[in-house]
$ cat query_18.cif   # mmCIF, C-alpha atoms and all ligand atoms
data_upload
loop_
_atom_site.label_atom_id
_atom_site.label_comp_id
_atom_site.auth_asym_id
_atom_site.auth_seq_id
_atom_site.Cartn_x
_atom_site.Cartn_y
_atom_site.Cartn_z
CA MET A 1 11.84 14.97 -19.43
CA PRO A 2 13.74 14.86 -16.11
CA ASP A 3 11.97 15.68 -12.85
CA VAL A 4 11.39 19.32 -12.16
CA ARG A 5 12.91 20.27 -8.83
CA ASP A 6 11.71 23.26 -6.90
CA VAL A 7 15.24 24.42 -6.06
CA ILE A 8 18.65 23.52 -7.33
CA ILE A 9 21.64 25.04 -5.59
CA ILE A 10 24.89 25.17 -7.53
CA GLY A 11 27.90 25.35 -5.21
CA SER A 12 28.65 24.17 -1.69
CA GLY A 13 30.59 26.81 0.21
CA PRO A 14 29.04 28.63 3.18
CA ALA A 15 26.57 30.43 0.87
CA GLY A 16 25.32 27.35 -0.99
CA LEU A 17 25.03 25.15 2.09
CA THR A 18 23.28 27.84 4.14
CA ALA A 19 20.79 28.18 1.28
CA ALA A 20 20.45 24.38 1.42
CA ILE A 21 19.75 24.39 5.18
CA TYR A 22 17.07 27.06 4.83
CA THR A 23 15.35 25.64 1.76
CA ALA A 24 15.46 22.12 3.22
CA ARG A 25 13.82 23.32 6.44
CA ALA A 26 11.18 25.02 4.27
CA ASN A 27 10.35 21.58 2.80
CA LEU A 28 11.62 22.47 -0.66
CA ALA A 29 13.81 19.34 -0.92
CA PRO A 30 16.77 21.20 -2.46
CA LEU A 31 19.24 19.46 -4.71
CA VAL A 32 22.78 20.70 -4.16
CA LEU A 33 25.25 20.18 -7.01
CA GLU A 34 28.33 20.64 -4.89
CA GLY A 35 31.09 20.43 -7.47
CA GLU A 36 33.74 17.80 -7.91
CA PRO A 37 37.38 17.82 -6.88
CA SER A 38 39.39 18.62 -10.00
CA SER A 39 42.58 19.71 -8.24
CA ASN A 40 43.76 20.32 -4.69
CA SER A 41 42.71 23.94 -4.96
CA ASP A 42 39.34 23.27 -6.60
CA GLN A 43 37.04 21.15 -4.52
CA PRO A 44 33.53 21.13 -3.06
CA GLY A 45 33.10 23.17 0.10
CA GLY A 46 34.70 26.33 -1.23
CA GLN A 47 37.65 28.32 0.01
CA LEU A 48 37.37 27.21 3.65
CA MET A 49 38.41 23.73 2.52
CA LEU A 50 41.84 25.28 1.92
CA THR A 51 42.08 26.95 5.32
CA THR A 52 43.29 25.67 8.66
CA ASP A 53 42.06 27.55 11.77
CA VAL A 54 38.96 29.67 11.40
CA GLU A 55 38.71 31.96 14.41
CA ASN A 56 36.22 34.56 13.21
CA PHE A 57 33.18 32.42 12.43
CA PRO A 58 30.72 33.18 15.25
CA GLY A 59 29.65 30.28 17.43
CA PHE A 60 33.07 28.64 17.78
CA PRO A 61 34.81 30.34 20.71
CA ASP A 62 37.85 28.08 20.40
CA GLY A 63 37.97 28.33 16.59
CA ILE A 64 37.38 25.47 14.17
CA MET A 65 39.29 24.02 11.23
CA GLY A 66 37.94 25.18 7.85
CA PRO A 67 37.18 21.67 6.46
CA GLU A 68 35.47 20.65 9.72
CA LEU A 69 33.29 23.75 9.60
CA MET A 70 32.22 22.91 6.06
CA MET A 71 31.53 19.28 7.03
CA ASN A 72 29.23 20.63 9.76
CA PHE A 73 27.39 22.83 7.24
CA ARG A 74 26.98 19.82 4.97
CA MET A 75 25.68 17.48 7.70
CA GLN A 76 23.25 20.14 8.88
CA ALA A 77 21.85 20.55 5.36
CA GLU A 78 21.52 16.75 4.91
CA ARG A 79 19.80 16.38 8.27
CA PHE A 80 16.87 18.41 6.92
CA GLY A 81 16.68 16.53 3.64
CA ALA A 82 19.00 18.37 1.26
CA GLU A 83 20.23 15.99 -1.45
CA ILE A 84 23.87 16.59 -2.28
CA HIS A 85 25.47 15.34 -5.50
CA THR A 86 29.25 15.49 -5.91
CA VAL A 87 29.18 16.57 -9.54
CA LYS A 88 30.17 19.57 -11.60
CA VAL A 89 27.57 21.48 -13.58
CA SER A 90 28.68 21.72 -17.21
CA LYS A 91 25.93 23.96 -18.63
CA VAL A 92 22.79 25.85 -17.65
CA ASP A 93 20.01 27.17 -19.86
CA LEU A 94 18.13 30.06 -18.30
CA SER A 95 16.22 31.03 -21.44
CA ALA A 96 13.11 28.99 -20.66
CA LYS A 97 11.29 27.82 -17.51
CA PRO A 98 11.77 25.46 -15.84
CA TYR A 99 15.51 26.14 -16.02
CA SER A 100 17.78 23.39 -17.34
CA VAL A 101 20.98 22.15 -15.76
CA TRP A 102 23.47 19.74 -17.33
CA VAL A 103 25.92 17.55 -15.50
CA GLY A 104 28.51 15.73 -17.63
CA ASP A 105 28.28 16.12 -21.41
CA PRO A 106 27.15 19.71 -22.07
CA ASP A 107 26.09 18.73 -25.58
CA ALA A 108 23.63 16.07 -24.40
CA SER A 109 20.23 16.80 -25.95
CA VAL A 110 18.43 16.28 -22.64
CA PRO A 111 19.46 18.21 -19.55
CA THR A 112 20.19 16.30 -16.36
CA HIS A 113 17.87 18.40 -14.18
CA HIS A 114 15.14 21.01 -14.36
CA ALA A 115 14.43 23.53 -11.63
CA ASN A 116 11.80 26.16 -10.94
CA ALA A 117 14.33 28.20 -9.00
CA LEU A 118 18.11 28.23 -9.07
CA ILE A 119 20.42 29.47 -6.36
CA ILE A 120 23.88 30.13 -7.71
CA ALA A 121 26.67 29.89 -5.14
CA THR A 122 29.71 29.11 -7.27
CA GLY A 123 32.00 31.42 -5.30
CA ALA A 124 35.26 33.00 -6.35
CA GLN A 125 38.84 31.84 -6.31
CA SER A 126 41.86 33.85 -5.34
CA ILE A 127 44.28 34.07 -8.24
CA MET A 128 47.46 32.32 -7.17
CA LEU A 129 51.06 32.32 -8.34
CA ASP A 130 50.86 28.67 -9.45
CA LEU A 131 54.22 27.72 -7.94
CA PRO A 132 55.09 24.21 -6.72
CA ASN A 133 53.80 23.23 -3.23
CA GLU A 134 51.37 26.19 -3.23
CA THR A 135 48.19 24.34 -2.28
CA GLU A 136 49.95 22.44 0.48
CA LEU A 137 51.25 25.66 2.06
CA VAL A 138 47.90 27.49 2.10
CA GLY A 139 46.96 27.75 5.77
CA HIS A 140 50.57 27.02 6.74
CA GLY A 141 52.11 30.43 6.27
CA LEU A 142 50.60 31.10 2.86
CA SER A 143 47.29 32.97 2.87
CA THR A 144 44.89 34.84 0.62
CA CYS A 145 42.99 36.65 3.37
CA ALA A 146 44.54 39.15 5.77
CA THR A 147 41.29 39.62 7.70
CA CYS A 148 41.18 35.88 8.34
CA ASP A 149 44.83 35.15 9.10
CA GLY A 150 46.59 38.42 10.04
CA PHE A 151 46.14 37.71 13.72
CA PHE A 152 48.42 34.65 13.48
CA PHE A 153 51.45 36.76 12.49
CA ARG A 154 51.92 38.97 15.54
CA ASP A 155 55.47 40.43 15.69
CA GLN A 156 56.60 38.48 12.62
CA GLU A 157 58.10 39.51 9.28
CA ILE A 158 55.73 38.81 6.44
CA ALA A 159 55.09 39.87 2.85
CA VAL A 160 52.24 40.62 0.47
CA VAL A 161 52.38 40.00 -3.28
CA GLY A 162 50.59 42.50 -5.56
CA GLY A 163 50.42 46.19 -6.35
CA GLY A 164 46.67 46.85 -6.44
CA ASP A 165 44.25 48.18 -3.83
CA SER A 166 43.83 44.72 -2.29
CA ALA A 167 47.57 44.26 -1.73
CA LEU A 168 47.93 47.68 -0.11
CA GLU A 169 44.81 47.27 1.97
CA GLU A 170 46.01 43.88 3.18
CA ALA A 171 49.49 45.25 3.95
CA ASN A 172 48.04 48.14 5.96
CA PHE A 173 45.80 45.77 7.90
CA LEU A 174 48.65 43.30 8.49
CA SER A 175 50.89 46.06 9.85
CA ARG A 176 48.68 46.09 12.96
CA PHE A 177 50.10 42.69 13.87
CA ALA A 178 53.35 42.08 12.02
CA SER A 179 56.68 43.71 12.87
CA LYS A 180 57.37 44.29 9.16
CA VAL A 181 55.34 43.90 5.96
CA ILE A 182 57.15 43.77 2.62
CA ILE A 183 55.08 44.44 -0.49
CA ILE A 184 56.52 42.44 -3.38
CA HIS A 185 55.42 43.97 -6.67
CA ARG A 186 56.40 42.94 -10.19
CA ARG A 187 56.67 46.54 -11.44
CA SER A 188 58.04 49.81 -10.05
CA GLU A 189 54.66 51.51 -10.16
CA LEU A 190 51.58 50.61 -8.17
CA ARG A 191 48.17 50.04 -9.67
CA ALA A 192 46.45 50.98 -6.39
CA SER A 193 44.58 54.26 -5.87
CA LYS A 194 46.55 57.31 -4.73
CA ILE A 195 45.01 57.33 -1.28
CA MET A 196 45.96 53.71 -0.65
CA GLN A 197 49.47 54.39 -1.93
CA ASP A 198 49.88 57.37 0.41
CA ARG A 199 48.69 55.29 3.32
CA ALA A 200 51.19 52.52 2.54
CA PHE A 201 54.10 54.91 1.88
CA ASN A 202 53.44 56.62 5.21
CA ASN A 203 53.25 53.39 7.15
CA PRO A 204 56.61 52.86 8.89
CA LYS A 205 56.12 49.08 9.02
CA ILE A 206 55.66 48.71 5.25
CA GLU A 207 58.58 48.27 2.86
CA PHE A 208 58.50 47.75 -0.90
CA LEU A 209 60.39 45.32 -3.05
CA TRP A 210 59.96 46.68 -6.58
CA ASP A 211 60.30 44.90 -9.93
CA THR A 212 60.31 41.63 -8.06
CA VAL A 213 58.52 38.31 -8.46
CA VAL A 214 58.31 35.31 -6.17
CA THR A 215 59.83 32.30 -7.93
CA GLU A 216 59.75 29.62 -5.23
CA TYR A 217 58.21 28.87 -1.86
CA LEU A 218 60.67 27.63 0.77
CA GLY A 219 59.64 25.13 3.45
CA ASP A 220 57.86 21.80 3.01
CA SER A 221 55.00 21.71 5.49
CA LYS A 222 55.26 25.33 6.67
CA LEU A 223 56.38 28.41 4.79
CA ALA A 224 59.88 29.45 5.82
CA GLY A 225 60.55 32.03 3.14
CA VAL A 226 60.53 32.67 -0.60
CA MET A 227 63.00 33.00 -3.43
CA VAL A 228 62.53 36.29 -5.23
CA GLU A 229 63.91 37.52 -8.53
CA ASN A 230 64.41 41.08 -9.70
CA VAL A 231 62.87 41.10 -13.18
CA LYS A 232 65.16 43.91 -14.36
CA THR A 233 68.52 42.61 -13.15
CA GLY A 234 67.70 38.88 -13.04
CA GLU A 235 69.21 38.73 -9.55
CA SER A 236 67.79 36.10 -7.20
CA ASN A 237 67.61 36.31 -3.42
CA GLU A 238 66.28 34.29 -0.53
CA LEU A 239 63.79 36.16 1.65
CA PRO A 240 63.10 34.54 5.02
CA LEU A 241 59.42 35.03 5.99
CA SER A 242 56.88 33.31 8.19
CA GLY A 243 53.90 34.54 6.20
CA LEU A 244 53.07 35.43 2.61
CA PHE A 245 49.75 36.90 1.51
CA ILE A 246 48.81 36.63 -2.16
CA ALA A 247 46.69 39.61 -3.23
CA ILE A 248 46.78 39.61 -7.02
CA GLY A 249 43.03 39.46 -7.59
CA HIS A 250 40.07 37.07 -7.55
CA ARG A 251 38.24 35.18 -10.27
CA PRO A 252 34.49 34.68 -9.75
CA GLY A 253 33.04 31.31 -10.81
CA THR A 254 30.74 32.75 -13.44
CA ASP A 255 31.76 31.07 -16.71
CA LEU A 256 28.54 29.02 -16.80
CA TYR A 257 26.36 32.12 -16.83
CA LYS A 258 28.10 34.26 -19.44
CA GLY A 259 25.55 35.77 -21.82
CA GLN A 260 22.69 34.58 -19.63
CA LEU A 261 22.92 36.66 -16.45
CA ALA A 262 23.86 40.29 -15.95
CA MET A 263 27.41 40.66 -14.69
CA LYS A 264 29.39 43.55 -13.32
CA GLU A 265 32.37 44.77 -15.34
CA ASN A 266 34.69 42.60 -13.22
CA GLY A 267 32.71 39.43 -13.99
CA TYR A 268 30.85 39.08 -10.67
CA LEU A 269 27.10 38.43 -10.95
CA GLU A 270 24.87 41.45 -10.68
CA THR A 271 21.92 41.31 -8.28
CA MET A 272 19.05 43.69 -7.52
CA PRO A 273 19.99 46.29 -4.87
CA ASP A 274 19.90 44.68 -1.40
CA ARG A 275 18.59 41.42 -2.90
CA THR A 276 20.04 38.21 -4.28
CA ALA A 277 17.66 38.19 -7.30
CA THR A 278 19.49 38.33 -10.63
CA ASP A 279 18.01 39.79 -13.79
CA VAL A 280 16.42 36.39 -14.58
CA GLU A 281 13.29 35.69 -12.56
CA GLY A 282 13.72 32.79 -10.15
CA VAL A 283 17.53 32.80 -10.37
CA PHE A 284 19.33 34.01 -7.27
CA ALA A 285 23.06 34.63 -6.75
CA VAL A 286 24.57 34.31 -3.28
CA GLY A 287 27.98 34.53 -1.64
CA ASP A 288 31.29 35.37 -3.27
CA VAL A 289 30.04 34.83 -6.83
CA THR A 290 28.36 38.21 -6.43
CA ASP A 291 30.46 39.76 -3.65
CA ASP A 292 33.65 41.58 -4.65
CA TYR A 293 33.75 43.53 -1.41
CA TYR A 294 33.34 41.56 1.85
CA ARG A 295 34.45 38.04 0.80
CA GLN A 296 33.94 36.48 4.25
CA ALA A 297 32.46 33.09 5.16
CA ILE A 298 29.95 34.73 7.47
CA THR A 299 28.78 37.24 4.85
CA ALA A 300 28.51 34.43 2.31
CA ALA A 301 26.42 32.38 4.76
CA GLY A 302 24.17 35.39 5.42
CA SER A 303 23.74 35.89 1.70
CA GLY A 304 22.86 32.19 1.28
CA CYS A 305 20.09 32.65 3.82
CA GLN A 306 18.78 35.68 1.93
CA GLY A 307 18.79 33.77 -1.34
CA ALA A 308 16.87 30.88 0.23
CA LEU A 309 14.20 33.21 1.62
CA GLU A 310 13.84 34.97 -1.72
CA ALA A 311 13.61 31.64 -3.55
CA GLU A 312 10.96 30.44 -1.06
CA ARG A 313 8.85 33.54 -1.65
CA TYR A 314 9.27 33.27 -5.39
CA LEU A 315 8.18 29.62 -5.39
CA GLU A 316 5.22 30.35 -3.14
CA ALA A 317 4.00 32.97 -5.63
CA LEU A 318 4.72 30.61 -8.55
CA HIS A 319 2.70 27.73 -7.03
CA ASP A 320 -0.18 30.06 -6.10
P1 LIG B 1 43.97 44.41 -9.26
O1 LIG B 1 43.60 45.86 -9.16
O2 LIG B 1 43.70 43.71 -10.53
O3 LIG B 1 45.53 44.33 -8.93
C1 LIG B 1 46.20 43.13 -9.01
C2 LIG B 1 47.67 43.38 -8.73
O4 LIG B 1 48.34 42.13 -8.72
C3 LIG B 1 48.34 44.25 -9.78
O5 LIG B 1 49.24 45.14 -9.17
C4 LIG B 1 49.07 43.24 -10.65
O6 LIG B 1 50.28 43.72 -11.17
C5 LIG B 1 49.39 42.15 -9.66
N1 LIG B 1 49.45 40.84 -10.31
C6 LIG B 1 48.52 40.24 -11.10
N2 LIG B 1 48.91 39.02 -11.48
C7 LIG B 1 50.13 38.83 -10.92
C8 LIG B 1 51.06 37.77 -10.94
N3 LIG B 1 50.80 36.62 -11.60
N4 LIG B 1 52.21 37.90 -10.27
C9 LIG B 1 52.49 39.04 -9.58
N5 LIG B 1 51.65 40.10 -9.52
C10 LIG B 1 50.47 39.99 -10.18
O7 LIG B 1 43.27 43.52 -8.12
P2 LIG B 1 42.86 43.92 -6.63
O8 LIG B 1 43.90 44.69 -5.97
O9 LIG B 1 42.38 42.64 -6.01
O10 LIG B 1 41.61 44.88 -6.83
C11 LIG B 1 40.46 44.45 -7.60
C12 LIG B 1 39.46 45.61 -7.66
O11 LIG B 1 38.92 45.86 -6.35
C13 LIG B 1 40.10 46.92 -8.12
O12 LIG B 1 39.17 47.61 -8.89
C14 LIG B 1 40.36 47.65 -6.83
O13 LIG B 1 40.39 49.06 -6.98
C15 LIG B 1 39.17 47.20 -5.97
N6 LIG B 1 39.51 47.25 -4.51
C16 LIG B 1 39.26 48.41 -3.85
C17 LIG B 1 39.60 48.52 -2.51
C18 LIG B 1 39.33 49.78 -1.78
O14 LIG B 1 39.00 50.76 -2.39
N7 LIG B 1 39.46 49.80 -0.48
C19 LIG B 1 40.20 47.44 -1.85
C20 LIG B 1 40.46 46.28 -2.57
C21 LIG B 1 40.12 46.21 -3.91
P3 LIG B 1 50.31 44.85 -12.32
O15 LIG B 1 49.97 46.13 -11.62
O16 LIG B 1 51.70 44.80 -12.82
O17 LIG B 1 49.29 44.43 -13.31
#

$ encode --input "query_18.cif" --output "structure tokens" --more "lines below"
Ligand code: NAP
Amino acid sequence: MPDVRDVIIIGSGPAGLTAAIYTARANLAPLVLEGEPSSNSDQPGGQLMLTTDVENFPGFPDGIMGPELMMNFRMQAERFGAEIHTVKVSKVDLSAKPYSVWVGDPDASVPTHHANALIIATGAQSIMLDLPNETELVGHGLSTCATCDGFFFRDQEIAVVGGGDSALEEANFLSRFASKVIIIHRRSELRASKIMQDRAFNNPKIEFLWDTVVTEYLGDSKLAGVMVENVKTGESNELPLSGLFIAIGHRPGTDLYKGQLAMKENGYLETMPDRTATDVEGVFAVGDVTDDYYRQAITAAGSGCQGALEAERYLEALHD
């Protein structure tokens, strides 16, 4: 049987690595299974690896690049003894203690690791349009977070893709900075709530482009515009823009836990009120994998700290 670790942390964004820093400093020798690059948009370190300037993470008055910030998190965790493996978890079994974790072949009869406590920090991914050059343009005019990047588009013409509450909320927020915000929606009816619709319709800076999809990003190293197509008439047009925000939903990284952990209707992991504890004792969920509301690096880091403290207390009771 493989060694039984006290804590295994799955995921390596701000939540996972903050949990690693705290559990390492509590002498719990955490093992972090950080993920493995499988594409440009899916790599260890989470969503900040796809960002350029981060100006709202406290402690960096001049801002910091997303990948550099994550490298700092990682080095800080390693300094206190966190062991980080660049591998992808293929299966977990939470039906018996200690919990089992597989890396590689999920059908292997013996799991790769056992753990008394698990901290799940597998994050969420923004759903993207999957157009050519998309990953390269993220952070260079293409964004998935108005709160993070709106400030960079002062007095510019930008657009938001989507017709749900997120798209309208982002457009309203962006109108504080931009000179014009165009909402590009694939239908002629919005999915968003009535109150958000009223707010957007009454905002003089917001315009709508109905029945329209983005078919191409223009610009090589920096977004210069998009090609759009009217799905009813088939007509194509070039739309010059300096910024495009994709707001067509998020997908939490919860496939591994289906049928084993309680999930909300939208697939995010359910935790106890004001806690990171899931419905399985000793399994904690932190960061965006459980957060469909704030979705910020700083809130994820705070949640990672909470998960580490809860895991520490759980292990203390277990060992007593
Ligand atoms: P959502 O409600 O699922 O809306 C996604 C939007 O993106 C839809 O309008 C959809 O078009 C469009 N879309 C999806 N795939 C697309 C594609 N490939 N190309 C172009 N358009 C595409 O997602 P959300 O807006 O992120 O909201 C998620 C949940 O959070 C919702 O329950 C929402 O109410 C909630 N939320 C609430 C607030 C708030 O109350 N302040 C703020 C944000 C989110 P169709 O309409 O044609 O399907």

$ residues_near_ligand --input "query_18.cif" --ligand "ligand LIG 1 (chain B)" --cutoff "9 Å" --atoms "only C-alpha atoms and all ligand atoms" --output "PyMOL selection string"
chain A and resi 126-130+161-170+184-193+195-196+212-214+246-250+266+292-293

$ closest_residue --input "query_18.cif" --among "A:Gly123, A:Gly307, A:Gly225, A:Pro111" --to "A:Gly35" --atoms "all atoms listed in the file"
A:Gly123

$ residues_near_point --input "query_18.cif" --point "(35.2, 29.7, -17.0)" --cutoff "12 Å" --atoms "only C-alpha atoms" --output "PyMOL selection string"
chain A and resi 89-91+122+124-125+251-258+267

$ closest_residue --input "query_18.cif" --among "A:Asn202, A:Thr215, A:Thr52, A:Ser221" --to "A:Phe152" --atoms "all atoms listed in the file"
A:Thr52

$ atom_distance --input "query_18.cif" --atom1 "atom CA of A:Val160" --atom2 "atom CA of A:Val226"
11.5 Å
